[in-house]
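Student: Just one file: entry_21.cif, with mmCIF, C-alpha atoms.
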```cif
data_my_file
loop_
_atom_site.label_atom_id
_atom_site.label_comp_id
_atom_site.auth_asym_id
_atom_site.auth_seq_id
_atom_site.Cartn_x
_atom_site.Cartn_y
_atom_site.Cartn_z
CA MET T 1 0.00 0.00 0.00
CA MET T 2 1.45 3.30 -1.15
CA PHE T 3 0.73 7.00 -0.65
CA GLN T 4 -1.80 6.99 -3.49
CA ASP T 5 -3.84 4.30 -1.74
CA TYR T 6 -4.18 6.48 1.35
CA PHE T 7 -4.62 9.97 -0.10
CA PRO T 8 -8.42 10.26 -0.43
CA ILE T 9 -8.64 12.47 -3.52
CA TYR T 10 -5.77 10.92 -5.46
CA SER T 11 -8.01 9.57 -8.21
CA LYS T 12 -9.52 13.02 -8.76
CA LEU T 13 -6.17 14.62 -9.62
CA THR T 14 -4.67 14.99 -13.08
CA PRO T 15 -1.77 12.63 -13.90
CA ALA T 16 0.67 15.54 -13.54
CA GLN T 17 -0.76 16.45 -10.15
CA GLN T 18 -0.62 12.81 -9.07
CA GLN T 19 3.04 12.67 -9.95
CA THR T 20 3.77 15.97 -8.20
CA ILE T 21 2.14 15.02 -4.92
CA CYS T 22 3.64 11.53 -4.82
CA ALA T 23 7.11 12.97 -5.37
CA SER T 24 6.56 15.45 -2.54
CA ALA T 25 5.48 12.87 0.03
CA SER T 26 8.21 11.42 2.20
CA TYR T 27 7.65 8.31 4.24
CA ARG T 28 8.64 8.18 7.90
CA SER T 29 8.45 5.67 10.73
CA VAL T 30 8.53 7.31 14.13
CA LYS T 31 8.72 5.86 17.61
CA LYS T 32 6.14 6.51 20.28
CA GLY T 33 6.93 9.83 21.95
CA THR T 34 8.52 11.48 18.90
CA VAL T 35 7.49 15.10 18.39
CA ILE T 36 6.68 15.36 14.68
CA HIS T 37 5.60 18.97 14.56
CA ASN T 38 6.73 21.55 17.04
CA GLY T 39 4.52 24.68 17.16
CA ASN T 40 6.64 27.79 16.77
CA LEU T 41 5.37 28.60 13.28
CA GLU T 42 7.61 25.96 11.74
CA CYS T 43 5.91 24.49 8.66
CA THR T 44 6.46 20.73 8.77
CA GLY T 45 4.06 19.74 6.00
CA LEU T 46 0.77 17.84 5.81
CA LEU T 47 0.63 14.57 7.69
CA LEU T 48 -1.06 11.44 6.39
CA VAL T 49 -1.09 8.56 8.86
CA LYS T 50 -0.56 5.09 7.43
CA SER T 51 -0.81 3.36 10.80
CA GLY T 52 -0.32 4.38 14.38
CA GLN T 53 -1.61 7.22 16.53
CA LEU T 54 -0.74 10.91 16.76
CA ARG T 55 -1.82 13.52 19.25
CA ALA T 56 -2.27 17.21 18.50
CA TYR T 57 -2.09 19.52 21.50
CA ILE T 58 -1.27 23.03 22.61
CA LEU T 59 1.18 24.11 25.28
CA SER T 60 0.97 27.01 27.70
CA GLU T 61 3.99 29.13 28.58
CA GLU T 62 4.18 27.21 31.84
CA GLY T 63 4.29 23.88 30.00
CA ARG T 64 0.69 22.84 30.62
CA GLU T 65 -0.91 20.87 27.79
CA ILE T 66 -4.35 20.11 26.41
CA THR T 67 -5.19 17.63 23.67
CA LEU T 68 -7.02 19.09 20.67
CA TYR T 69 -7.55 15.89 18.68
CA ARG T 70 -5.93 12.61 17.70
CA LEU T 71 -5.07 11.13 14.34
CA PHE T 72 -5.51 7.47 13.52
CA ASP T 73 -4.95 5.26 10.45
CA ARG T 74 -5.74 7.11 7.20
CA ASP T 75 -6.27 10.46 8.97
CA MET T 76 -4.79 13.54 7.40
CA CYS T 77 -3.89 16.82 9.04
CA MET T 78 -2.99 20.20 7.61
CA LEU T 79 -2.51 22.16 10.85
CA SER T 80 1.14 21.09 10.85
CA ALA T 81 1.47 23.04 7.59
CA SER T 82 0.16 26.44 8.61
CA CYS T 83 2.22 28.14 5.89
CA ILE T 84 -0.20 26.82 3.27
CA MET T 85 -2.72 29.42 4.48
CA ASN T 86 -2.07 33.02 5.52
CA SER T 87 -4.90 33.08 8.04
CA LEU T 88 -3.82 30.03 10.07
CA GLN T 89 -2.39 31.91 13.02
CA PHE T 90 -1.87 29.44 15.80
CA GLU T 91 0.64 26.88 16.92
CA ILE T 92 0.02 23.27 17.76
CA THR T 93 2.34 20.42 18.62
CA ILE T 94 1.93 16.93 17.18
CA ALA T 95 3.55 13.89 18.76
CA ALA T 96 3.33 10.13 18.26
CA GLU T 97 1.28 8.37 20.95
CA LYS T 98 2.20 5.03 19.42
CA ASP T 99 4.84 3.91 16.93
CA THR T 100 3.54 5.48 13.71
CA ASP T 101 4.14 5.20 9.98
CA LEU T 102 3.19 8.31 8.04
CA TRP T 103 3.79 10.44 5.01
CA ILE T 104 4.74 14.10 5.20
CA VAL T 105 3.73 16.17 2.17
CA GLN T 106 5.88 19.21 1.37
CA PRO T 107 3.81 22.31 2.18
CA ASP T 108 4.98 24.44 -0.75
CA VAL T 109 4.12 21.72 -3.26
CA TYR T 110 0.72 21.18 -1.65
CA LYS T 111 0.05 24.93 -1.64
CA GLY T 112 0.74 25.01 -5.37
CA LEU T 113 -1.77 22.21 -5.96
CA MET T 114 -4.39 23.98 -3.84
CA GLN T 115 -4.02 27.11 -5.91
CA GLU T 116 -4.49 25.36 -9.23
CA SER T 117 -7.06 22.75 -8.22
CA ALA T 118 -10.55 23.35 -6.77
CA VAL T 119 -10.62 19.67 -5.80
CA VAL T 120 -7.51 20.00 -3.63
CA ALA T 121 -8.66 23.34 -2.19
CA ASN T 122 -12.08 21.95 -1.26
CA TYR T 123 -10.54 18.82 0.23
CA THR T 124 -8.25 21.02 2.32
CA ALA T 125 -11.21 23.08 3.50
CA GLU T 126 -13.02 19.87 4.52
CA MET T 127 -9.92 18.70 6.43
CA MET T 128 -9.79 21.99 8.27
CA ALA T 129 -13.53 21.87 8.99
CA THR T 130 -13.01 18.43 10.60
CA ARG T 131 -10.31 19.75 12.95
CA PHE T 132 -12.30 22.93 13.60
CA SER T 133 -15.32 20.81 14.59
CA GLU T 134 -13.16 18.80 16.98
CA VAL T 135 -11.85 21.96 18.62
CA MET T 136 -15.40 23.34 18.93
CA TRP T 137 -16.41 20.11 20.65
CA LEU T 138 -13.49 20.69 23.02
CA VAL T 139 -14.60 24.28 23.71
CA GLU T 140 -18.05 23.01 24.63
CA GLN T 141 -16.53 20.37 26.92
CA ILE T 142 -14.29 22.87 28.67
CA MET T 143 -17.02 25.47 29.02
CA TRP T 144 -20.09 23.49 29.94
CA LYS T 145 -18.91 20.15 31.34
CA SER T 146 -17.65 19.52 34.83
CA LEU T 147 -14.27 17.79 35.13
CA ASP T 148 -15.72 14.49 36.40
CA LYS T 149 -17.67 14.13 33.15
CA ARG T 150 -14.59 15.05 31.10
CA VAL T 151 -12.45 12.47 32.89
CA ALA T 152 -15.21 9.88 32.36
CA ALA T 153 -15.38 10.76 28.64
CA PHE T 154 -11.60 10.49 28.34
CA LEU T 155 -11.46 7.07 30.01
CA LEU T 156 -14.30 5.79 27.82
CA GLU T 157 -12.49 7.07 24.72
CA GLU T 158 -9.27 5.38 25.83
CA ILE T 159 -10.82 1.97 26.44
CA SER T 160 -12.39 2.20 22.99
CA ILE T 161 -9.04 3.13 21.36
CA GLU T 162 -6.98 0.61 23.32
CA ASN T 163 -9.58 -2.12 23.26
CA THR T 164 -8.96 -3.02 26.90
CA ASN T 165 -10.34 -1.88 30.24
CA ALA T 166 -6.89 -2.01 31.86
CA LEU T 167 -5.31 1.25 30.72
CA ARG T 168 -1.58 1.86 31.04
CA ILE T 169 -1.65 5.60 31.61
CA THR T 170 -0.33 7.96 34.28
CA HIS T 171 -2.34 10.62 36.08
CA GLU T 172 0.07 13.14 34.60
CA ALA T 173 -0.77 12.01 31.06
CA ILE T 174 -4.51 12.28 31.72
CA ALA T 175 -3.96 15.78 33.13
CA ASN T 176 -2.05 16.74 29.97
CA HIS T 177 -4.86 15.50 27.77
CA LEU T 178 -7.49 17.46 29.67
CA GLY T 179 -5.51 20.63 30.37
CA THR T 180 -5.49 20.33 34.12
CA HIS T 181 -3.07 19.44 36.92
CA ARG T 182 -1.95 15.98 37.98
CA GLU T 183 -3.16 16.52 41.56
CA VAL T 184 -6.66 17.30 40.30
CA ILE T 185 -6.75 14.07 38.27
CA THR T 186 -5.40 12.01 41.18
CA ARG T 187 -8.16 13.38 43.42
CA MET T 188 -10.82 12.66 40.79
CA LEU T 189 -9.59 9.11 40.12
CA ARG T 190 -9.52 8.36 43.85
CA TYR T 191 -13.11 9.53 44.02
CA PHE T 192 -13.96 7.29 41.03
CA GLN T 193 -12.26 4.41 42.86
CA SER T 194 -14.26 5.02 46.03
CA GLU T 195 -17.42 4.93 43.90
CA GLY T 196 -16.38 1.58 42.41
CA LEU T 197 -15.84 2.88 38.86
CA VAL T 198 -12.12 2.20 38.54
CA ARG T 199 -9.26 0.38 40.25
CA LEU T 200 -5.98 2.28 40.49
CA SER T 201 -2.53 0.77 40.34
CA ARG T 202 1.01 2.02 39.68
CA GLY T 203 0.94 3.51 36.17
CA GLY T 204 -2.50 2.11 35.44
CA VAL T 205 -6.22 2.72 35.64
CA GLU T 206 -8.57 -0.21 35.26
CA ILE T 207 -12.20 0.54 34.45
CA ILE T 208 -14.28 -1.94 36.43
CA ASP T 209 -17.75 -0.49 35.91
CA GLU T 210 -18.03 0.88 32.39
CA GLU T 211 -21.80 1.25 32.61
CA LYS T 212 -21.64 3.41 35.71
CA LEU T 213 -18.89 5.49 34.07
CA GLU T 214 -21.13 6.03 31.05
CA ALA T 215 -24.02 6.97 33.31
CA LEU T 216 -21.83 9.55 35.04
CA HIS T 217 -20.74 10.91 31.66
CA ASP T 218 -24.29 11.18 30.32
CA ALA T 219 -25.83 12.52 33.54
CA MET A 1 -21.26 50.79 -2.82
CA MET A 2 -22.61 47.43 -3.86
CA PHE A 3 -21.94 43.77 -3.05
CA GLN A 4 -19.13 43.60 -5.62
CA ASP A 5 -17.27 46.41 -3.84
CA TYR A 6 -17.26 44.43 -0.62
CA PHE A 7 -16.68 40.85 -1.78
CA PRO A 8 -12.87 40.56 -1.68
CA ILE A 9 -12.33 38.15 -4.58
CA TYR A 10 -14.99 39.56 -6.90
CA SER A 11 -12.49 40.74 -9.50
CA LYS A 12 -10.93 37.27 -9.66
CA LEU A 13 -14.19 35.60 -10.75
CA THR A 14 -15.31 35.01 -14.32
CA PRO A 15 -18.11 37.30 -15.58
CA ALA A 16 -20.58 34.41 -15.30
CA GLN A 17 -19.51 33.71 -11.71
CA GLN A 18 -19.74 37.41 -10.88
CA GLN A 19 -23.31 37.48 -12.16
CA THR A 20 -24.20 34.30 -10.27
CA ILE A 21 -22.92 35.46 -6.91
CA CYS A 22 -24.43 38.95 -7.18
CA ALA A 23 -27.81 37.46 -8.02
CA SER A 24 -27.57 35.17 -4.98
CA ALA A 25 -26.75 37.92 -2.47
CA SER A 26 -29.69 39.49 -0.70
CA TYR A 27 -29.34 42.74 1.18
CA ARG A 28 -30.71 43.09 4.69
CA SER A 29 -30.79 45.78 7.35
CA VAL A 30 -31.23 44.37 10.84
CA LYS A 31 -31.75 46.07 14.16
CA LYS A 32 -29.46 45.59 17.14
CA GLY A 33 -30.44 42.39 18.94
CA THR A 34 -31.70 40.53 15.85
CA VAL A 35 -30.65 36.90 15.69
CA ILE A 36 -29.47 36.39 12.10
CA HIS A 37 -28.38 32.78 12.35
CA ASN A 38 -29.77 30.37 14.87
CA GLY A 39 -27.60 27.26 15.41
CA ASN A 40 -29.68 24.11 15.03
CA LEU A 41 -28.07 23.10 11.75
CA GLU A 42 -30.09 25.64 9.82
CA CYS A 43 -28.11 26.89 6.82
CA THR A 44 -28.63 30.63 6.61
CA GLY A 45 -25.97 31.46 4.06
CA LEU A 46 -22.68 33.35 4.06
CA LEU A 47 -22.73 36.75 5.72
CA LEU A 48 -20.90 39.80 4.40
CA VAL A 49 -21.11 42.84 6.67
CA LYS A 50 -21.49 46.20 4.97
CA SER A 51 -21.59 48.15 8.22
CA GLY A 52 -22.43 47.36 11.80
CA GLN A 53 -21.37 44.67 14.25
CA LEU A 54 -22.28 41.01 14.63
CA ARG A 55 -21.46 38.58 17.39
CA ALA A 56 -20.95 34.83 16.94
CA TYR A 57 -21.42 32.73 20.05
CA ILE A 58 -22.36 29.30 21.31
CA LEU A 59 -25.08 28.40 23.81
CA SER A 60 -25.12 25.68 26.43
CA GLU A 61 -28.21 23.61 27.14
CA GLU A 62 -28.73 25.76 30.23
CA GLY A 63 -28.64 28.95 28.16
CA ARG A 64 -25.12 30.03 29.04
CA GLU A 65 -23.23 31.83 26.28
CA ILE A 66 -19.66 32.49 25.21
CA THR A 67 -18.55 34.78 22.40
CA LEU A 68 -16.44 33.13 19.69
CA TYR A 69 -15.72 36.20 17.56
CA ARG A 70 -17.21 39.38 16.21
CA LEU A 71 -17.72 40.63 12.68
CA PHE A 72 -17.21 44.23 11.66
CA ASP A 73 -17.43 46.24 8.42
CA ARG A 74 -16.32 44.17 5.39
CA ASP A 75 -15.98 40.96 7.44
CA MET A 76 -17.30 37.77 5.92
CA CYS A 77 -18.37 34.62 7.68
CA MET A 78 -19.12 31.13 6.41
CA LEU A 79 -19.95 29.39 9.70
CA SER A 80 -23.57 30.45 9.25
CA ALA A 81 -23.56 28.27 6.12
CA SER A 82 -22.36 24.95 7.50
CA CYS A 83 -24.15 23.08 4.69
CA ILE A 84 -21.47 24.24 2.25
CA MET A 85 -19.09 21.73 3.90
CA ASN A 86 -19.85 18.21 5.11
CA SER A 87 -17.30 18.33 7.90
CA LEU A 88 -18.58 21.49 9.60
CA GLN A 89 -20.30 19.81 12.50
CA PHE A 90 -21.08 22.46 15.06
CA GLU A 91 -23.69 25.07 15.73
CA ILE A 92 -23.15 28.73 16.37
CA THR A 93 -25.54 31.62 16.80
CA ILE A 94 -24.99 35.01 15.19
CA ALA A 95 -26.76 38.14 16.39
CA ALA A 96 -26.48 41.85 15.65
CA GLU A 97 -24.69 43.80 18.41
CA LYS A 98 -25.44 47.03 16.56
CA ASP A 99 -27.82 47.96 13.75
CA THR A 100 -26.21 46.20 10.81
CA ASP A 101 -26.43 46.24 7.02
CA LEU A 102 -25.30 43.02 5.40
CA TRP A 103 -25.58 40.68 2.47
CA ILE A 104 -26.55 37.03 2.80
CA VAL A 105 -25.24 34.79 0.04
CA GLN A 106 -27.29 31.67 -0.76
CA PRO A 107 -25.34 28.64 0.45
CA ASP A 108 -26.21 26.31 -2.45
CA VAL A 109 -25.09 28.88 -5.02
CA TYR A 110 -21.88 29.54 -3.10
CA LYS A 111 -21.21 25.82 -2.77
CA GLY A 112 -21.52 25.48 -6.54
CA LEU A 113 -18.95 28.25 -7.04
CA MET A 114 -16.56 26.63 -4.56
CA GLN A 115 -16.74 23.38 -6.44
CA GLU A 116 -15.92 24.90 -9.80
CA SER A 117 -13.45 27.59 -8.73
CA ALA A 118 -10.12 27.11 -6.92
CA VAL A 119 -10.14 30.84 -6.17
CA VAL A 120 -13.47 30.62 -4.32
CA ALA A 121 -12.48 27.39 -2.55
CA ASN A 122 -9.17 28.86 -1.36
CA TYR A 123 -10.84 32.07 -0.25
CA THR A 124 -13.35 29.99 1.75
CA ALA A 125 -10.52 28.02 3.36
CA GLU A 126 -8.82 31.30 4.34
CA MET A 127 -12.10 32.57 5.84
CA MET A 128 -12.43 29.41 7.87
CA ALA A 129 -8.78 29.60 8.96
CA THR A 130 -9.45 33.13 10.27
CA ARG A 131 -12.38 31.96 12.42
CA PHE A 132 -10.49 28.84 13.49
CA SER A 133 -7.57 31.03 14.64
CA GLU A 134 -9.97 33.20 16.65
CA VAL A 135 -11.44 30.14 18.34
CA MET A 136 -7.94 28.81 19.11
CA TRP A 137 -7.09 32.15 20.71
CA LEU A 138 -10.24 31.72 22.80
CA VAL A 139 -9.22 28.18 23.84
CA GLU A 140 -5.87 29.52 25.02
CA GLN A 141 -7.59 32.31 26.95
CA ILE A 142 -10.01 29.93 28.63
CA MET A 143 -7.34 27.36 29.43
CA TRP A 144 -4.36 29.42 30.51
CA LYS A 145 -5.64 32.86 31.55
CA SER A 146 -7.25 33.72 34.84
CA LEU A 147 -10.62 35.45 34.69
CA ASP A 148 -9.30 38.84 35.86
CA LYS A 149 -7.05 38.98 32.78
CA ARG A 150 -9.90 37.90 30.51
CA VAL A 151 -12.21 40.61 31.91
CA ALA A 152 -9.40 43.15 31.47
CA ALA A 153 -8.87 42.00 27.85
CA PHE A 154 -12.60 42.24 27.17
CA LEU A 155 -12.90 45.77 28.58
CA LEU A 156 -9.86 46.91 26.59
CA GLU A 157 -11.36 45.42 23.41
CA GLU A 158 -14.66 47.18 24.10
CA ILE A 159 -13.16 50.64 24.61
CA SER A 160 -11.27 50.16 21.36
CA ILE A 161 -14.44 49.10 19.48
CA GLU A 162 -16.68 51.75 21.05
CA ASN A 163 -14.06 54.48 21.05
CA THR A 164 -15.04 55.61 24.55
CA ASN A 165 -14.01 54.70 28.07
CA ALA A 166 -17.59 54.95 29.33
CA LEU A 167 -19.06 51.62 28.27
CA ARG A 168 -22.81 51.02 28.28
CA ILE A 169 -22.82 47.33 29.11
CA THR A 170 -24.39 45.16 31.80
CA HIS A 171 -22.58 42.62 33.97
CA GLU A 172 -24.85 40.00 32.43
CA ALA A 173 -23.66 40.89 28.92
CA ILE A 174 -20.01 40.67 29.95
CA ALA A 175 -20.69 37.28 31.55
CA ASN A 176 -22.29 36.09 28.28
CA HIS A 177 -19.28 37.19 26.29
CA LEU A 178 -16.85 35.37 28.57
CA GLY A 179 -18.89 32.26 29.27
CA THR A 180 -19.29 32.81 32.99
CA HIS A 181 -21.98 33.88 35.48
CA ARG A 182 -23.18 37.41 36.18
CA GLU A 183 -22.33 37.13 39.89
CA VAL A 184 -18.72 36.28 39.03
CA ILE A 185 -18.41 39.35 36.79
CA THR A 186 -20.02 41.61 39.40
CA ARG A 187 -17.51 40.41 41.99
CA MET A 188 -14.60 40.94 39.60
CA LEU A 189 -15.75 44.43 38.56
CA ARG A 190 -16.16 45.45 42.22
CA TYR A 191 -12.61 44.29 42.81
CA PHE A 192 -11.47 46.31 39.76
CA GLN A 193 -13.33 49.32 41.22
CA SER A 194 -11.66 48.94 44.61
CA GLU A 195 -8.30 48.90 42.78
CA GLY A 196 -9.16 52.13 40.96
CA LEU A 197 -9.37 50.58 37.49
CA VAL A 198 -13.05 51.22 36.75
CA ARG A 199 -16.05 53.14 38.04
CA LEU A 200 -19.35 51.25 38.10
CA SER A 201 -22.77 52.75 37.51
CA ARG A 202 -26.22 51.46 36.59
CA GLY A 203 -25.82 49.70 33.23
CA GLY A 204 -22.33 51.05 32.74
CA VAL A 205 -18.63 50.48 33.36
CA GLU A 206 -16.24 53.40 33.01
CA ILE A 207 -12.57 52.59 32.58
CA ILE A 208 -10.68 55.21 34.59
CA ASP A 209 -7.18 53.73 34.51
CA GLU A 210 -6.56 52.13 31.13
CA GLU A 211 -2.83 51.78 31.75
CA LYS A 212 -3.31 49.85 34.97
CA LEU A 213 -5.89 47.65 33.22
CA GLU A 214 -3.36 46.93 30.48
CA ALA A 215 -0.71 46.14 33.07
CA LEU A 216 -3.07 43.69 34.76
CA HIS A 217 -3.83 42.10 31.40
CA ASP A 218 -0.16 41.75 30.45
CA ALA A 219 1.03 40.63 33.89
#
```
Show me the file's structure as C-alpha cells.
Tutor:
Amino acid sequence: MMFQDYFPIYSKLTPAQQQTICASASYRSVKKGTVIHNGNLECTGLLLVKSGQLRAYILSEEGREITLYRLFDRDMCMLSASCIMNSLQFEITIAAEKDTDLWIVQPDVYKGLMQESAVVANYTAEMMATRFSEVMWLVEQIMWKSLDKRVAAFLLEEISIENTNALRITHEAIANHLGTHREVITRMLRYFQSEGLVRLSRGGVEIIDEEKLEALHDA
Amino acid sequence: MMFQDYFPIYSKLTPAQQQTICASASYRSVKKGTVIHNGNLECTGLLLVKSGQLRAYILSEEGREITLYRLFDRDMCMLSASCIMNSLQFEITIAAEKDTDLWIVQPDVYKGLMQESAVVANYTAEMMATRFSEVMWLVEQIMWKSLDKRVAAFLLEEISIENTNALRITHEAIANHLGTHREVITRMLRYFQSEGLVRLSRGGVEIIDEEKLEALHDA
C-alpha cells in the first residue's frame, strides 16, 4: 500500500498532479513519543497517517498541555502546515502516541496544488472543517462540562481506542490531555475508585464499571 | 457601494460567476439584537457585513453563552452556512450587536462556485482559517488565563471598538461574552473598582485607569 492508496482524492487529480504530490510525500516511521511537529510557526508539512496514533495539542507558557484531537490510520492533518494558508495563526504540537508510519507532504508543493485545483482546495477546506469541529467540541466540553464528566469521557475514549479496560496511563498524562493538573486528576480518580468505577494501580487505571462510568458521563 | 465592492475576490471571478454570486446575495438591514443565524443546523448562508457589528457565540443547554468572535465592516463569515461543507459539524448563533447592514449569500449557489473555482475554494478556506484562529485564541484564553485577565482584555477590546471609556454594558452581557456567570463578573468588577481601574454605575462600566488595566492584562 502506497501514498496513493491512502490519499483520499488521489483519483480526482490529473496525472501531472498525481506525480507531483507523490514525489513530494516522504515516508517516515517514528517511535512513540517522537514530536513530529513543534509549534513555533515551523511548517512541517501535511501529515497522512498510514498506521499508528498521533496527538495534537497546545502548550501554555508554563508547560501545561491540552489535547485538541488525535489522528488514527488514514487520517490527514494540515494544521502542521500552517504556511499553506495566511490566516492560520496558531501553533500546535503533534507527537506520536504510538509507533507510527506516516507520510509528510511538502507544504509548498501542496500549496501550489491547492491554488491550481478546486478539488484540492475543497478537500483542504473539509480537512480543516473536521479539525475545527473537533476543537469546537473541546470548547463546549471545557465550558459546559464539569471535570468528572470530562475524565469519564476520556477514560471511555481510551478503552475504545486501546480495546482493553486495563489502561496503562499515568495521572500526569490524563492531566495533559485534559488541560489540568496531575493533583486534580489524582483526586478525581480516587473519588472514582471510592465509587467503584475504577481500580488504580502504579501507572495504570482499570475501568471496572463501564456502565456506571457512562451513566456519570451522560448525567 | 454594492456587493461587488465588498466581496474581496470579486475581481478574480469570471463574468458568469460574478453574475451568479451577485444574483444570490440578498441585502438586509437588521436592528441591534436581531438573531441572524440560529444554530440548530439551519443553513442561513454566508454573511458579508457592509456596516455594523455582529457577534458569533455558542449556547449551552442551560442557556449560558460564550462569544467566539465578532464581525465588523467588510468581514465575511461562512460558519452560518455549514451546509457548504460536510465536515462542519457544530452550531453557532450570530446576532447583531449594533444595527447592521449586510448581504446574505445563498449557500447552495456559493457551494456550486466553490466546487468549480479554486479561487473561491481557497478564499473559503482562508475565511475558515481566520475563524479557526480566533477560536484557538479563545481556547488559550479559557485554558491558561485567569478570569481577571480575561475581563481586562474584554474591557480593553470594548473601549477600542466603542471608542469611549464609558461603556454602556451590563454585567450579564459581559458574563455572556466570557462564558461565565453574572455574579462572578459583578464580583470581579467590584474588585477592579476597589483597585481604581473602573467606576461602576447602573448599566455602565467606566474605565478610569486604562494603563493599569493593560498592566493587569499583560502581567
Student: Closest to Val151 in chain A among A:Ser51, A:Ser24, A:Thr14, A:Thr186, using only C-alpha atoms?
Tutor: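 Looking only at the distances to Val151 in chain A, the closest residue turns out to be A:Thr186.
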Student: Spell out the residues picked by the PyMOL selection byres ((chain A) within 8 of (chain T)) here, as an mmCIF file with C-alpha atoms, in the frame of the given file.
Tutor:
```cif
data_model
loop_
_atom_site.group_PDB
_atom_site.id
_atom_site.type_symbol
_atom_site.label_atom_id
_atom_site.label_comp_id
_atom_site.auth_asym_id
_atom_site.auth_seq_id
_atom_site.Cartn_x
_atom_site.Cartn_y
_atom_site.Cartn_z
ATOM 1 C CA SER A 60 -25.120 25.680 26.430
ATOM 2 C CA MET A 85 -19.090 21.730 3.900
ATOM 3 C CA ASN A 86 -19.850 18.210 5.110
ATOM 4 C CA SER A 87 -17.300 18.330 7.900
ATOM 5 C CA LEU A 88 -18.580 21.490 9.600
ATOM 6 C CA GLN A 89 -20.300 19.810 12.500
ATOM 7 C CA PHE A 90 -21.080 22.460 15.060
ATOM 8 C CA MET A 114 -16.560 26.630 -4.560
ATOM 9 C CA GLN A 115 -16.740 23.380 -6.440
ATOM 10 C CA GLU A 116 -15.920 24.900 -9.800
ATOM 11 C CA SER A 117 -13.450 27.590 -8.730
ATOM 12 C CA ALA A 118 -10.120 27.110 -6.920
ATOM 13 C CA VAL A 119 -10.140 30.840 -6.170
ATOM 14 C CA ALA A 121 -12.480 27.390 -2.550
ATOM 15 C CA ASN A 122 -9.170 28.860 -1.360
ATOM 16 C CA THR A 124 -13.350 29.990 1.750
ATOM 17 C CA ALA A 125 -10.520 28.020 3.360
ATOM 18 C CA GLU A 126 -8.820 31.300 4.340
ATOM 19 C CA MET A 127 -12.100 32.570 5.840
ATOM 20 C CA MET A 128 -12.430 29.410 7.870
ATOM 21 C CA ALA A 129 -8.780 29.600 8.960
ATOM 22 C CA THR A 130 -9.450 33.130 10.270
ATOM 23 C CA PHE A 132 -10.490 28.840 13.490
ATOM 24 C CA SER A 133 -7.570 31.030 14.640
ATOM 25 C CA VAL A 135 -11.440 30.140 18.340
ATOM 26 C CA MET A 136 -7.940 28.810 19.110
ATOM 27 C CA TRP A 137 -7.090 32.150 20.710
ATOM 28 C CA VAL A 139 -9.220 28.180 23.840
ATOM 29 C CA GLU A 140 -5.870 29.520 25.020
ATOM 30 C CA MET A 143 -7.340 27.360 29.430
ATOM 31 C CA TRP A 144 -4.360 29.420 30.510
ATOM 32 C CA GLY A 179 -18.890 32.260 29.270
#
```
Student: Residues at most 12 Å from Ile174 in chain A, counting all atoms listed in the file, excluding those fewer than 4 positions away in the same chain, as a VMD selection string?
Tutor: chain A and resid 64 to 67 147 150 to 155 157 to 158 167 to 170 178 to 186 188 to 189 203 to 205
Student: For the residues in that selection, give me C-alpha atoms as an mmCIF file, in the coordinates of the input.
Tutor:
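Dumped everything to result-v3.cif:
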```
data_model
loop_
_atom_site.group_PDB
_atom_site.id
_atom_site.type_symbol
_atom_site.label_atom_id
_atom_site.label_comp_id
_atom_site.auth_asym_id
_atom_site.auth_seq_id
_atom_site.Cartn_x
_atom_site.Cartn_y
_atom_site.Cartn_z
ATOM 1 C CA ARG A 64 -25.120 30.030 29.040
ATOM 2 C CA GLU A 65 -23.230 31.830 26.280
ATOM 3 C CA ILE A 66 -19.660 32.490 25.210
ATOM 4 C CA THR A 67 -18.550 34.780 22.400
ATOM 5 C CA LEU A 147 -10.620 35.450 34.690
ATOM 6 C CA ARG A 150 -9.900 37.900 30.510
ATOM 7 C CA VAL A 151 -12.210 40.610 31.910
ATOM 8 C CA ALA A 152 -9.400 43.150 31.470
ATOM 9 C CA ALA A 153 -8.870 42.000 27.850
ATOM 10 C CA PHE A 154 -12.600 42.240 27.170
ATOM 11 C CA LEU A 155 -12.900 45.770 28.580
ATOM 12 C CA GLU A 157 -11.360 45.420 23.410
ATOM 13 C CA GLU A 158 -14.660 47.180 24.100
ATOM 14 C CA LEU A 167 -19.060 51.620 28.270
ATOM 15 C CA ARG A 168 -22.810 51.020 28.280
ATOM 16 C CA ILE A 169 -22.820 47.330 29.110
ATOM 17 C CA THR A 170 -24.390 45.160 31.800
ATOM 18 C CA LEU A 178 -16.850 35.370 28.570
ATOM 19 C CA GLY A 179 -18.890 32.260 29.270
ATOM 20 C CA THR A 180 -19.290 32.810 32.990
ATOM 21 C CA HIS A 181 -21.980 33.880 35.480
ATOM 22 C CA ARG A 182 -23.180 37.410 36.180
ATOM 23 C CA GLU A 183 -22.330 37.130 39.890
ATOM 24 C CA VAL A 184 -18.720 36.280 39.030
ATOM 25 C CA ILE A 185 -18.410 39.350 36.790
ATOM 26 C CA THR A 186 -20.020 41.610 39.400
ATOM 27 C CA MET A 188 -14.600 40.940 39.600
ATOM 28 C CA LEU A 189 -15.750 44.430 38.560
ATOM 29 C CA GLY A 203 -25.820 49.700 33.230
ATOM 30 C CA GLY A 204 -22.330 51.050 32.740
ATOM 31 C CA VAL A 205 -18.630 50.480 33.360
#
```
Student: Find the spatial neighbours of Gly33 in chain A, counting all atoms listed in the file, within a cut-off of 9 Å - ignore same-chain residues fewer than 2 positions away - and output them as a ChimeraX atom specification.
Tutor: /A:30-31,35,95-99
Student: If the PyMOL selection byres ((chain T and resi 198) around 9) is run on the structure shown, which residues does it catch, given as a ChimeraX atom specification?
Tutor: /T:189-190,192-197,199-200,205-210,213
Student: Emit the selected residues as an mmCIF file, keeping the file's coordinate frame, including C-alpha atoms.
Tutor:
```
data_model
loop_
_atom_site.group_PDB
_atom_site.id
_atom_site.type_symbol
_atom_site.label_atom_id
_atom_site.label_comp_id
_atom_site.auth_asym_id
_atom_site.auth_seq_id
_atom_site.Cartn_x
_atom_site.Cartn_y
_atom_site.Cartn_z
ATOM 1 C CA LEU T 189 -9.590 9.110 40.120
ATOM 2 C CA ARG T 190 -9.520 8.360 43.850
ATOM 3 C CA PHE T 192 -13.960 7.290 41.030
ATOM 4 C CA GLN T 193 -12.260 4.410 42.860
ATOM 5 C CA SER T 194 -14.260 5.020 46.030
ATOM 6 C CA GLU T 195 -17.420 4.930 43.900
ATOM 7 C CA GLY T 196 -16.380 1.580 42.410
ATOM 8 C CA LEU T 197 -15.840 2.880 38.860
ATOM 9 C CA ARG T 199 -9.260 0.380 40.250
ATOM 10 C CA LEU T 200 -5.980 2.280 40.490
ATOM 11 C CA VAL T 205 -6.220 2.720 35.640
ATOM 12 C CA GLU T 206 -8.570 -0.210 35.260
ATOM 13 C CA ILE T 207 -12.200 0.540 34.450
ATOM 14 C CA ILE T 208 -14.280 -1.940 36.430
ATOM 15 C CA ASP T 209 -17.750 -0.490 35.910
ATOM 16 C CA GLU T 210 -18.030 0.880 32.390
ATOM 17 C CA LEU T 213 -18.890 5.490 34.070
#
```
